[in-house]
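Chemist: Below is the structure I would like to discuss, written out as structure tokens.
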Amino acid sequence: MEATGTDEVEKIKSKFMSAWHNMKYSWVLKTKTYFSRNSPVFLLGKCYHFKTDEPSEMSPNGSNYDINDEIISRNVEEFRKDFISRIWLTYREEFPQIKGSSLTSDCGWGCTLRTGQMLLAQGLIVHFLGRDWTWPDALVIENLDSESWTSHTVKKLTSSLEASFTGERECKNQSVHHKKVPKDVWGNREIKEEHCHRKIISWFGDSPVANFGLHRLIEYGNKSGKIAGDWYGPAVVAHLLRKAVEESRDPELQGITVYVAQDCTVYKSDVIDKQCSFVDPQKTDTKAIIILIPVRLGGERTNMEYLEFVKGILSLEYCIGIIGGKPKQSYYFAGFQDDSLIYMDPHYCQSFVDVSIKDFPLESFHCPSPKKMSFKKMDPSCTIGLYCQNVQDFERASEEITKILKSSSKEKYPLFTFVNGHSRDYDFVMSPVREERTLFSEDDNKKLKHFSTEDFVLL
């Protein structure tokens with residue numbers, strides 16, 4: 001009877017936390033994000049320009065409509081479509097109870113797990129669909145009603161993004177209203193891509209059977225001494241993602257693996273061994289690999305000397321994002337403009353979606369509006385994500401990143417290094433928990449002990 005009473009208290013507490021986080025973060029989602037027309041925007045290796053050097057021209061019918069405005073609007077639309085197509089994973093409530101606890105929501109403690117999921121989801125999107133893939137309904141999201149988003153709210157979010165690019169003058173052209181393309185007119189490619197899109201999202205469903213769902217990640221975390229409701233740092237999450245991919249028995253996931261750098265070092269022979277680790281001897285292709293590199297960009301605060309390095313990483317075609325944030329909040333960093341980072345925020349609490357049902361709603365898994373944050377506000381502890389399709393891809397990526405490390409750092413030692421050989425050649429072994437601790441100063445570790453799981457969300 002006492003246990004039942006405790007469960008009820010936990011449920012009430014969970015609902016209160018969900019309401020609090022929605023009140024706390026929904027206003028942030030509704031605020032305008034301002035982008036400059038004069039600077040390029042980078043999003044996971046792609047560059048977008050919102051100005052044109054072409055001379056101003058009149059429209060063919062002689063009106064005052066500037067054709068350059070149409071070009072800019074089209075570029076903004078391409079960026080919007082690309083951003084919205086990234087998979088957005090947020091706090092959820094009323095999902096199946098997490099084993100060993102009474103929790104049915106991750107509000108207040110699961111944000112780093114969610115940002116880790118977003119990074120892995122991007123790696124899988126690139127792996128199965130390619131970096132150029134975009135969701136056909138990305139620009140229709142503003143016209144839809146769902147449990148999580150009202151059409152009015154989303155319309156305001158997306159229109160605020162368009163308005164933010166206009167600078168001192170208003171766009172003269174009318175905004176285009178996009179309509180959903182009926183599925184009965186889709187071709188074979190669109191049908192296959194939609195199936196794959198849904199499949200990837202289903203792997204992150206909030207249920208015990210989902211390969212990369214919250215329940216599964218917490219189960220692996222238990223083996224490192226973590227429990228549901230604990231704080232998870234970027235390095236620990238990197239190891240949980242590696243474990244989840246390694247343990248997956250889904251045939252479609254056998255062609256991809258994950259490597260986590262040890263002590264800020266990527267051992268090239270270890271990476272290549274993982275890429276060539278097919279159990280089936282008849283397989284001649286190598287595996288694709290996601291490389292996760294936990295780093296620290298300074299001591300108590302982020303060192304501004306690392307700004308160019310972070311921008312260089314987010315500019316690479318190999319980049320699948322950064323698990324990071326600012327103190328007490330984890331964000332998924334996906335791009336930048338000037339000295340501001342572009343991110344997706346996991347803190348908005350949405351209702352549980354059963355991804356096992358046919359044609360489950362997709363809208364709540366795509367964020368309608370990007371957010372920006374000054375680099376100097378970034379917490380120094382983060383994990384960088386890279387995707388390499390094969391061994392040759394990895395060799396090219398390591399060369400390019402080594403150049404960025406050398407050119408962007410004024411420090412004596414680089415943030416991380418690529419070295420030849422195996423980790424065993426250097427007699428080095430590191431556990432996930434120990435590695436996480438090494439990313440914090442002694443003072444930080446002392447401070448962590450004073451935070452409860454409710455007060456302390458990230459870093």
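Each chain in the structure tokens gets a letter, A, B, ..., in the order shown, and its residues are numbered from 1; ligands are numbered from 1 in order too.
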Please list as a VMD selection string every residue within 8 Å of Ala238 (chain A), counting only C-alpha atoms and excluding residues in the same chain fewer than 3 positions away.
Modeler: chain A and resid 116 234 to 235 241 to 242 260 292 294 383
Chemist: Compile the contact shell of Arg198 (chain A) as a PDB file with N, CA, C and O atoms, in the first residue's frame: residues with an atom at most 9 Å away, counting only C-alpha atoms, same-chain residues fewer than 4 positions apart removed.
Modeler:
ATOM      1  N   GLU A 193      11.590   6.228 -48.936  1.00  0.00           N
ATOM      2  CA  GLU A 193      12.185   7.195 -48.021  1.00  0.00           C
ATOM      3  C   GLU A 193      11.275   7.461 -46.822  1.00  0.00           C
ATOM      4  O   GLU A 193      11.749   7.595 -45.691  1.00  0.00           O
ATOM      5  N   GLU A 194       9.979   7.531 -47.061  1.00  0.00           N
ATOM      6  CA  GLU A 194       9.037   7.740 -45.967  1.00  0.00           C
ATOM      7  C   GLU A 194       9.057   6.555 -45.002  1.00  0.00           C
ATOM      8  O   GLU A 194       9.021   6.738 -43.771  1.00  0.00           O
ATOM      9  N   SER A 202      11.073   5.340 -35.183  1.00  0.00           N
ATOM     10  CA  SER A 202      10.570   4.261 -34.322  1.00  0.00           C
ATOM     11  C   SER A 202      11.682   3.660 -33.458  1.00  0.00           C
ATOM     12  O   SER A 202      11.425   3.169 -32.358  1.00  0.00           O
ATOM     13  N   TRP A 203      12.929   3.698 -33.944  1.00  0.00           N
ATOM     14  CA  TRP A 203      14.049   3.194 -33.142  1.00  0.00           C
ATOM     15  C   TRP A 203      14.274   4.030 -31.885  1.00  0.00           C
ATOM     16  O   TRP A 203      14.944   3.585 -30.952  1.00  0.00           O
ATOM     17  N   VAL A 355       4.893   4.786 -31.454  1.00  0.00           N
ATOM     18  CA  VAL A 355       5.492   4.661 -32.788  1.00  0.00           C
ATOM     19  C   VAL A 355       5.290   3.274 -33.388  1.00  0.00           C
ATOM     20  O   VAL A 355       5.740   3.015 -34.514  1.00  0.00           O
ATOM     21  N   ASP A 359       1.342   4.661 -39.502  1.00  0.00           N
ATOM     22  CA  ASP A 359       1.159   6.085 -39.798  1.00  0.00           C
ATOM     23  C   ASP A 359       1.029   6.938 -38.540  1.00  0.00           C
ATOM     24  O   ASP A 359       0.182   7.836 -38.458  1.00  0.00           O
ATOM     25  N   PHE A 360       1.870   6.656 -37.532  1.00  0.00           N
ATOM     26  CA  PHE A 360       1.862   7.496 -36.335  1.00  0.00           C
ATOM     27  C   PHE A 360       2.223   8.935 -36.733  1.00  0.00           C
ATOM     28  O   PHE A 360       2.944   9.156 -37.704  1.00  0.00           O
ATOM     29  N   LEU A 362       3.994  12.367 -37.278  1.00  0.00           N
ATOM     30  CA  LEU A 362       5.415  12.704 -37.326  1.00  0.00           C
ATOM     31  C   LEU A 362       5.723  14.118 -36.844  1.00  0.00           C
ATOM     32  O   LEU A 362       6.879  14.446 -36.560  1.00  0.00           O
TER      33      LEU A 362
END
Chemist: Kindly indicate which residue among A:Ile191, A:Ile84, A:Ala210, A:Val353 lies nearest to Leu43 (chain A), using only C-alpha atoms for the distances.
Modeler: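 Once distances to Leu43 (chain A) are computed over only C-alpha atoms, the minimum belongs to A:Ile84.
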Chemist: Tell me, as a PyMOL selection string, which residues lie within 9 Å of Cys264 (chain A), counting only C-alpha atoms; anything in the same chain fewer than 4 positions away does not count.
Modeler: chain A and resi 293-295+415-418
Chemist: So which residues touch Gly213 (chain A) within 9 Å, counting only C-alpha atoms, skipping near sequence neighbours fewer than 6 positions away, as a PDB file with N, CA, C and O atoms, in the first residue's frame?
Modeler:
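The file below, out-v7.pdb, is the result:
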ATOM      1  N   GLN A 117      20.314  11.263 -28.436  1.00  0.00           N
ATOM      2  CA  GLN A 117      19.431  10.598 -29.405  1.00  0.00           C
ATOM      3  C   GLN A 117      19.361  11.386 -30.707  1.00  0.00           C
ATOM      4  O   GLN A 117      19.382  10.808 -31.798  1.00  0.00           O
ATOM      5  N   SER A 202      11.073   5.340 -35.183  1.00  0.00           N
ATOM      6  CA  SER A 202      10.570   4.261 -34.322  1.00  0.00           C
ATOM      7  C   SER A 202      11.682   3.660 -33.458  1.00  0.00           C
ATOM      8  O   SER A 202      11.425   3.169 -32.358  1.00  0.00           O
ATOM      9  N   TRP A 203      12.929   3.698 -33.944  1.00  0.00           N
ATOM     10  CA  TRP A 203      14.049   3.194 -33.142  1.00  0.00           C
ATOM     11  C   TRP A 203      14.274   4.030 -31.885  1.00  0.00           C
ATOM     12  O   TRP A 203      14.944   3.585 -30.952  1.00  0.00           O
ATOM     13  N   PHE A 204      13.744   5.251 -31.867  1.00  0.00           N
ATOM     14  CA  PHE A 204      13.907   6.146 -30.717  1.00  0.00           C
ATOM     15  C   PHE A 204      12.609   6.287 -29.913  1.00  0.00           C
ATOM     16  O   PHE A 204      12.473   7.190 -29.092  1.00  0.00           O
ATOM     17  N   GLY A 205      11.663   5.405 -30.152  1.00  0.00           N
ATOM     18  CA  GLY A 205      10.392   5.460 -29.435  1.00  0.00           C
ATOM     19  C   GLY A 205      10.563   5.258 -27.936  1.00  0.00           C
ATOM     20  O   GLY A 205      11.508   4.610 -27.481  1.00  0.00           O
ATOM     21  N   ASP A 206       9.641   5.820 -27.182  1.00  0.00           N
ATOM     22  CA  ASP A 206       9.716   5.718 -25.719  1.00  0.00           C
ATOM     23  C   ASP A 206       9.033   4.450 -25.231  1.00  0.00           C
ATOM     24  O   ASP A 206       7.965   4.483 -24.617  1.00  0.00           O
ATOM     25  N   SER A 207       9.655   3.322 -25.541  1.00  0.00           N
ATOM     26  CA  SER A 207       9.149   2.033 -25.086  1.00  0.00           C
ATOM     27  C   SER A 207      10.334   1.100 -24.851  1.00  0.00           C
ATOM     28  O   SER A 207      11.409   1.298 -25.435  1.00  0.00           O
TER      29      SER A 207
END
Chemist: Near Cys47 (chain A), counting only C-alpha atoms, which residues have an atom at most 10 Å away, once you skip same-chain residues fewer than 3 positions from it, shown as a ChimeraX atom specification?
Modeler: /A:40-44,79,315,335-337
Chemist: Okay, now the selection with N, CA, C and O atoms, as a compact mmCIF listing (two decimals), in the first residue's frame?
Modeler:
# COMPACT_ATOMS: atom_id res chain seq x y z
N PRO A 40 26.78 34.00 -43.86
CA PRO A 40 26.30 32.66 -44.21
C PRO A 40 25.84 31.89 -42.97
O PRO A 40 26.32 32.15 -41.86
N VAL A 41 24.93 30.98 -43.17
CA VAL A 41 24.47 30.10 -42.09
C VAL A 41 24.93 28.68 -42.42
O VAL A 41 24.71 28.20 -43.54
N PHE A 42 25.56 28.02 -41.45
CA PHE A 42 26.00 26.64 -41.65
C PHE A 42 25.12 25.70 -40.84
O PHE A 42 24.83 25.97 -39.67
N LEU A 43 24.70 24.62 -41.49
CA LEU A 43 23.89 23.61 -40.81
C LEU A 43 24.43 22.23 -41.18
O LEU A 43 24.27 21.78 -42.32
N LEU A 44 25.11 21.60 -40.23
CA LEU A 44 25.63 20.24 -40.42
C LEU A 44 26.33 20.08 -41.77
O LEU A 44 26.03 19.19 -42.55
N PHE A 79 16.77 26.46 -46.31
CA PHE A 79 17.33 26.29 -44.97
C PHE A 79 16.27 25.79 -44.01
O PHE A 79 16.51 24.86 -43.22
N SER A 315 31.09 22.93 -39.89
CA SER A 315 31.12 23.21 -41.34
C SER A 315 31.43 21.96 -42.16
O SER A 315 31.27 21.97 -43.39
N GLY A 335 24.58 23.82 -36.00
CA GLY A 335 25.11 24.79 -36.95
C GLY A 335 25.50 26.08 -36.27
O GLY A 335 25.54 26.18 -35.05
N PHE A 336 25.76 27.11 -37.09
CA PHE A 336 26.14 28.41 -36.53
C PHE A 336 25.95 29.51 -37.57
O PHE A 336 25.89 29.27 -38.77
N GLN A 337 25.88 30.73 -37.07
CA GLN A 337 26.00 31.94 -37.88
C GLN A 337 26.81 32.94 -37.08
O GLN A 337 26.49 33.22 -35.92
Chemist: Can you pull out every residue within 12 Å of Leu341 (chain A), counting only C-alpha atoms, but drop anything in the same chain fewer than 5 positions away, and send it as a ChimeraX atom specification?
Modeler: /A:33,35,41-44,307-308,310-311,314-315,321-322,324-326,331-336,370-378
Chemist: Could the residues in this selection be written to a file with N, CA and C atoms, as an mmCIF file, in the first residue's frame?
Modeler:
data_model
loop_
_atom_site.group_PDB
_atom_site.id
_atom_site.type_symbol
_atom_site.label_atom_id
_atom_site.label_comp_id
_atom_site.auth_asym_id
_atom_site.auth_seq_id
_atom_site.Cartn_x
_atom_site.Cartn_y
_atom_site.Cartn_z
ATOM 1 N N THR A 33 13.857 34.114 -33.594
ATOM 2 C CA THR A 33 15.289 33.875 -33.727
ATOM 3 C C THR A 33 15.770 34.734 -34.888
ATOM 4 N N PHE A 35 18.294 36.092 -37.694
ATOM 5 C CA PHE A 35 19.414 35.722 -38.532
ATOM 6 C C PHE A 35 19.810 36.938 -39.377
ATOM 7 N N VAL A 41 24.929 30.981 -43.166
ATOM 8 C CA VAL A 41 24.468 30.097 -42.092
ATOM 9 C C VAL A 41 24.926 28.682 -42.424
ATOM 10 N N PHE A 42 25.557 28.019 -41.454
ATOM 11 C CA PHE A 42 26.003 26.642 -41.649
ATOM 12 C C PHE A 42 25.121 25.704 -40.838
ATOM 13 N N LEU A 43 24.704 24.624 -41.486
ATOM 14 C CA LEU A 43 23.889 23.614 -40.814
ATOM 15 C C LEU A 43 24.428 22.235 -41.180
ATOM 16 N N LEU A 44 25.107 21.598 -40.234
ATOM 17 C CA LEU A 44 25.625 20.244 -40.421
ATOM 18 C C LEU A 44 26.334 20.077 -41.765
ATOM 19 N N LEU A 307 36.386 28.772 -30.480
ATOM 20 C CA LEU A 307 35.248 29.122 -31.340
ATOM 21 C C LEU A 307 35.478 28.697 -32.788
ATOM 22 N N GLU A 308 36.636 29.043 -33.340
ATOM 23 C CA GLU A 308 36.900 28.721 -34.745
ATOM 24 C C GLU A 308 36.952 27.216 -34.971
ATOM 25 N N VAL A 310 35.162 24.906 -33.265
ATOM 26 C CA VAL A 310 33.774 24.423 -33.252
ATOM 27 C C VAL A 310 33.086 24.775 -34.568
ATOM 28 N N LYS A 311 33.310 25.984 -35.054
ATOM 29 C CA LYS A 311 32.720 26.393 -36.338
ATOM 30 C C LYS A 311 33.272 25.529 -37.472
ATOM 31 N N LEU A 314 31.478 22.107 -37.344
ATOM 32 C CA LEU A 314 30.091 22.176 -37.799
ATOM 33 C C LEU A 314 29.988 22.485 -39.290
ATOM 34 N N SER A 315 31.094 22.929 -39.891
ATOM 35 C CA SER A 315 31.120 23.205 -41.338
ATOM 36 C C SER A 315 31.425 21.964 -42.164
ATOM 37 N N GLY A 321 26.666 16.790 -35.638
ATOM 38 C CA GLY A 321 26.221 17.612 -34.526
ATOM 39 C C GLY A 321 27.078 17.469 -33.282
ATOM 40 N N ILE A 322 26.692 18.217 -32.251
ATOM 41 C CA ILE A 322 27.423 18.231 -30.987
ATOM 42 C C ILE A 322 26.418 18.105 -29.833
ATOM 43 N N GLY A 324 25.840 19.112 -26.398
ATOM 44 C CA GLY A 324 26.410 20.131 -25.521
ATOM 45 C C GLY A 324 25.322 20.878 -24.791
ATOM 46 N N GLY A 325 25.494 22.182 -24.666
ATOM 47 C CA GLY A 325 24.479 22.992 -24.011
ATOM 48 C C GLY A 325 25.091 24.140 -23.262
ATOM 49 N N LYS A 326 24.333 24.658 -22.312
ATOM 50 C CA LYS A 326 24.855 25.638 -21.376
ATOM 51 C C LYS A 326 24.560 25.105 -19.980
ATOM 52 N N TYR A 331 21.666 20.987 -25.092
ATOM 53 C CA TYR A 331 21.155 21.298 -26.423
ATOM 54 C C TYR A 331 21.864 20.431 -27.454
ATOM 55 N N TYR A 332 21.201 20.265 -28.597
ATOM 56 C CA TYR A 332 21.830 19.590 -29.736
ATOM 57 C C TYR A 332 22.266 20.680 -30.707
ATOM 58 N N PHE A 333 23.579 20.927 -30.782
ATOM 59 C CA PHE A 333 24.113 21.962 -31.668
ATOM 60 C C PHE A 333 24.275 21.396 -33.076
ATOM 61 N N ALA A 334 23.701 22.116 -34.049
ATOM 62 C CA ALA A 334 23.689 21.616 -35.425
ATOM 63 C C ALA A 334 24.281 22.602 -36.430
ATOM 64 N N GLY A 335 24.581 23.817 -36.003
ATOM 65 C CA GLY A 335 25.106 24.792 -36.954
ATOM 66 C C GLY A 335 25.498 26.082 -36.270
ATOM 67 N N PHE A 336 25.763 27.108 -37.092
ATOM 68 C CA PHE A 336 26.139 28.410 -36.530
ATOM 69 C C PHE A 336 25.954 29.508 -37.566
ATOM 70 N N PRO A 370 14.490 27.050 -35.558
ATOM 71 C CA PRO A 370 15.798 26.935 -34.910
ATOM 72 C C PRO A 370 15.979 27.992 -33.831
ATOM 73 N N LYS A 371 16.877 27.711 -32.909
ATOM 74 C CA LYS A 371 17.228 28.674 -31.873
ATOM 75 C C LYS A 371 18.720 28.964 -31.961
ATOM 76 N N LYS A 372 19.110 30.144 -31.476
ATOM 77 C CA LYS A 372 20.518 30.541 -31.504
ATOM 78 C C LYS A 372 20.999 30.887 -30.095
ATOM 79 N N MET A 373 22.295 30.654 -29.874
ATOM 80 C CA MET A 373 22.904 30.950 -28.583
ATOM 81 C C MET A 373 24.340 31.401 -28.801
ATOM 82 N N SER A 374 24.763 32.413 -28.082
ATOM 83 C CA SER A 374 26.140 32.886 -28.187
ATOM 84 C C SER A 374 27.106 31.790 -27.767
ATOM 85 N N PHE A 375 28.187 31.630 -28.509
ATOM 86 C CA PHE A 375 29.172 30.594 -28.211
ATOM 87 C C PHE A 375 29.730 30.729 -26.802
ATOM 88 N N LYS A 376 29.886 31.968 -26.326
ATOM 89 C CA LYS A 376 30.490 32.169 -25.004
ATOM 90 C C LYS A 376 29.619 31.638 -23.868
ATOM 91 N N LYS A 377 28.330 31.370 -24.150
ATOM 92 C CA LYS A 377 27.442 30.800 -23.126
ATOM 93 C C LYS A 377 27.512 29.279 -23.078
ATOM 94 N N MET A 378 28.197 28.691 -24.038
ATOM 95 C CA MET A 378 28.262 27.228 -24.135
ATOM 96 C C MET A 378 29.036 26.634 -22.967
#
Chemist: When distances are computed from only C-alpha atoms, which of A:Ser364, A:Gly45, A:Lys226, A:His239 shows the smallest separation from Asp132 (chain A)?
Modeler: A:Gly45
Chemist: List every residue of region 202-417 of chain A that DSSP, applied to the backbone, labels as alpha helix (DSSP H), and write the result as an MDAnalysis selection string.
Modeler: chainID A and resid 202 214:222 234:247 268:275 307:314 391:408
Chemist: Quick one: pull the distance between CA of Ser269 (chain A) and CA of His422 (chain A), Å, one decimal.
Modeler: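 Distance between the two atoms: 5.2 Å.
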Chemist: Between A:Ile342, A:Ile323, A:Ile291, A:Ala228, which one has atoms that come closest to Cys107 (chain A), using only C-alpha atoms?
Modeler: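 The answer is A:Ala228, which sits nearest to Cys107 (chain A).
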